[in-house]
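Student: Next up is a structure, given as C-alpha cells.
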Amino acid sequence: MAEFNSAPYFPIDLKGLCALYALAPDADISARAGKAILRLIEVVARSAHHGILTVAQGRSYEHTLRAARTLELSGIARMIWGKGNYGMRFHALPQLAICLRDHGLTIPEELAAIASFEGAGAWEWKFAQGQDRFARLYHYKTRDHAMGSASAYRWNQWGYQETVLHIRMGSNPDAQIWINHPGEVLQSGYGRPSYWGGSGTLPRISQYRSLAVLRFDCFAEQPDFTHAWFPQDAFDEVRLADGLALAAADNAFVLLKAGTPLCLVETGPTTGNELRAKGRQNIWIVRLGDRSTSGALKDFGRRFASLEISEAEDGTWSVSDPEYGMVHFMPDGRIVGPTDTLDPSGWTVKGEAVRVEA
C-alpha cells in the first residue's frame, strides 16, 4: 500500500486476493483475502464519484489519469453499483465477478449509496495508508463534485509519481482536474514523474472540504512552471479572465487561481486542455461549489475571486472563505476551521467517514 490509492495498482492487489479467496486450500487464508477484498472495495466506494476514482494517488500515469473512464476500477464500480465505465483491459474484474457469483463474496449494501452519493450535504473521508501511515488522505464529495488530496505529504521533496490533488465534477467522466509540477517537459514521455503523472517537486497542500491550497517551491534544475489539466470540452461552461479559471459541469462549479496569471495552452498536444502558471514558486487556490448555492457560474466567480492566502511568521496560512469563514492551514498539517479541526496526525488506517449536513 505504499502506492496509496493507486488506480492502476489496486486491480493488481485484487487479482491476487480474488485468487486466494476462491482457490486457497486454507480457510483462514481465504477468509483473510475476502476481508482484504472488501476493504479495497470500501476504499473505492468512499473515494469514487459516480464511478470515477477521485483521490490522491501514490502511483499515477498520464494514461491512467487522462483516460479515467477506461480504468478497471471504474469498470468494477459499474459492475457492483451500476455507475462507471467498462474499459478494454482487465486484471481482476472477471475474477471478482466469479467470487461474487460462485464463491459467496458479498458486498455490503450500504456502500452503494456512498459510491454514487446522491443526497444532500457531503461525505468527508479521512484515512491513512502505507508504512507508519505516511500518507494521510482526505476526500470530500457531494452529489455534484468531489476532491481528494494527500495532506501535508512530503512537501518540497522530489516526487515519484504521486498525484496529490484530484477533482471531479458533474456526470461526465472526463470533467476532472488535477494540478502538478511536471517532472519532464516531454509530453507522453517515459519520465517518472512525467509531464502529468506525479510532480517534479511536491507541493505543500492542505484541503478543507471544497477548498484546497497548494504551494510549489521547485528546484532550480526543474521545469519553470506548474499546471493544471483543464479539459474545456468536458465542461458545460468555461470562463478565463483576469488570470482566473472558472468551469461548470452540470451543477458543479470550480475556481482555479494562482499567484501568477493562468494561461491556457493554445499550441501542441494539450491545446485547450492545459492551464499554466509561470515560475517555480507559486501558490494555487482551488474552490469547488454548486449551482444551488451560487446560482450562475459568473456569480460563483464573483463570490470567490477574492480568495487569498495570508501567511504568518510561523508558516500558518489563513484564508477567509465567503462560505466557511476563516480557515487556518497550519505548517504541521492541521487545519482549523470555524467549527472543527482536521488533524492528519490522528488519521487511522481504518479511517473515519463523516456525513456533513447541507
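So you can find residues: chains in the C-alpha cells are A, B, ... in the order shown, residues in each start at 1, and ligands are numbered from 1 in order.
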Please, which residues of segment 192-224 of chain A, numbered as in this document, come out strand (DSSP E) from DSSP, as number ranges by chain?

Tutor: A: 204-208, 211-217

Student: Filtering to N, CA, C and O atoms, could you give me those residues as a tab-separated table (two decimals), in the first residue's frame?

Tutor:
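Saved to again_27.tsv:
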```tsv
chain	number	residue	atom	x	y	z
A	204	ARG	N	3.36	21.78	-0.92
A	204	ARG	CA	2.66	21.75	0.36
A	204	ARG	C	1.18	21.92	0.05
A	204	ARG	O	0.78	22.87	-0.64
A	205	ILE	N	0.37	21.01	0.53
A	205	ILE	CA	-1.04	21.02	0.16
A	205	ILE	C	-1.90	20.75	1.39
A	205	ILE	O	-1.57	19.92	2.24
A	206	SER	N	-3.00	21.48	1.48
A	206	SER	CA	-4.00	21.26	2.52
A	206	SER	C	-5.37	21.47	1.91
A	206	SER	O	-5.56	22.32	1.04
A	207	GLN	N	-6.33	20.69	2.39
A	207	GLN	CA	-7.70	20.78	1.89
A	207	GLN	C	-8.67	20.84	3.05
A	207	GLN	O	-8.58	20.06	4.00
A	208	TYR	N	-9.60	21.76	2.97
A	208	TYR	CA	-10.71	21.84	3.93
A	208	TYR	C	-12.00	21.81	3.13
A	208	TYR	O	-12.34	22.76	2.44
A	211	LEU	N	-12.37	23.50	-0.37
A	211	LEU	CA	-11.31	24.50	-0.53
A	211	LEU	C	-9.96	23.81	-0.40
A	211	LEU	O	-9.73	23.06	0.55
A	212	ALA	N	-9.05	24.07	-1.33
A	212	ALA	CA	-7.70	23.50	-1.26
A	212	ALA	C	-6.69	24.57	-1.61
A	212	ALA	O	-6.94	25.44	-2.45
A	213	VAL	N	-5.54	24.50	-0.95
A	213	VAL	CA	-4.44	25.43	-1.23
A	213	VAL	C	-3.17	24.61	-1.44
A	213	VAL	O	-2.92	23.63	-0.75
A	214	LEU	N	-2.37	25.02	-2.44
A	214	LEU	CA	-1.12	24.35	-2.76
A	214	LEU	C	-0.03	25.39	-2.94
A	214	LEU	O	-0.27	26.44	-3.56
A	215	ARG	N	1.16	25.10	-2.44
A	215	ARG	CA	2.30	25.97	-2.71
A	215	ARG	C	3.46	25.13	-3.25
A	215	ARG	O	3.90	24.18	-2.62
A	216	PHE	N	3.94	25.52	-4.42
A	216	PHE	CA	5.08	24.86	-5.05
A	216	PHE	C	6.33	25.69	-4.81
A	216	PHE	O	6.32	26.92	-4.95
A	217	ASP	N	7.41	25.02	-4.46
A	217	ASP	CA	8.72	25.65	-4.30
A	217	ASP	C	9.73	24.71	-4.94
A	217	ASP	O	10.38	23.91	-4.28
```

Student: List the neighbours of Val327 of chain A out to 8 Å using only C-alpha atoms; skip same-chain residues closer than 6 positions along the sequence, and give me the result as a ChimeraX atom specification.

Tutor: /A:208,318-321,335-338

Student: Could the residues in this selection be saved with N, CA and C atoms as a compact mmCIF listing (two decimals), in the first residue's frame?

Tutor:
```txt
# COMPACT_ATOMS: atom_id res chain seq x y z
N TYR A 208 -9.60 21.76 2.97
CA TYR A 208 -10.71 21.84 3.93
C TYR A 208 -12.00 21.81 3.13
N SER A 318 -3.70 31.47 6.22
CA SER A 318 -5.07 31.80 6.59
C SER A 318 -5.82 32.24 5.34
N VAL A 319 -7.03 31.72 5.19
CA VAL A 319 -7.87 32.05 4.05
C VAL A 319 -9.25 32.42 4.59
N SER A 320 -9.75 33.57 4.20
CA SER A 320 -11.11 33.96 4.55
C SER A 320 -12.04 33.53 3.43
N ASP A 321 -12.81 32.49 3.70
CA ASP A 321 -13.70 31.92 2.69
C ASP A 321 -15.11 32.49 2.89
N ILE A 335 -5.63 21.63 10.20
CA ILE A 335 -6.47 22.63 9.58
C ILE A 335 -7.54 23.04 10.59
N VAL A 336 -7.58 24.31 10.92
CA VAL A 336 -8.51 24.81 11.92
C VAL A 336 -9.58 25.64 11.22
N GLY A 337 -10.80 25.11 11.20
CA GLY A 337 -11.92 25.83 10.63
C GLY A 337 -12.71 26.53 11.71
N PRO A 338 -13.77 27.22 11.33
CA PRO A 338 -14.56 27.95 12.32
C PRO A 338 -15.21 27.05 13.36
```

Student: Would you return as JSON, numbers by chain the members of segment 155-358 of chain A that DSSP assigns to alpha helix (DSSP H) on this structure's backbone?

Tutor: {"A": [291, 292, 293, 294, 297, 298, 299, 300, 301, 302, 303, 304]}

Student: Determine the nearest neighbour of Gly346 of chain A from the options A:Val44, A:Ala112, A:Ala135, A:Ala56, counting only C-alpha atoms.

Tutor: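 Going through A:Val44, A:Ala112, A:Ala135, A:Ala56 one by one, the smallest distance to Gly346 of chain A is for A:Ala135.
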
Student: For Leu93 of chain A, find every residue with an atom within 9 Å (counting only C-alpha atoms), except residues of its own chain fewer than 4 positions away, and show them as a list in words.

Tutor: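 My list of contacting residues is Pro11, Leu14, Lys15, Glu72, Leu73, Gly75, Ile76, Met79, Ala97 and Ile98 of chain A.
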
Student: Using only C-alpha atoms, which residues sit within 7 Å of Pro182 of chain A once same-chain residues fewer than 4 positions away are excluded, as a VMD selection string?

Tutor: chain A and resid 194 to 196 199 to 200 223 226

Student: Can you tell me which residues surround segment 256-266 of chain A at a distance of at most 12 Å, considering only C-alpha atoms, apart from same-chain residues fewer than 3 positions away, and format the answer as a PyMOL selection string?

Tutor: chain A and resi 167+177-179+211-216+225-232+238-248+253+269-289+300-301+304-309
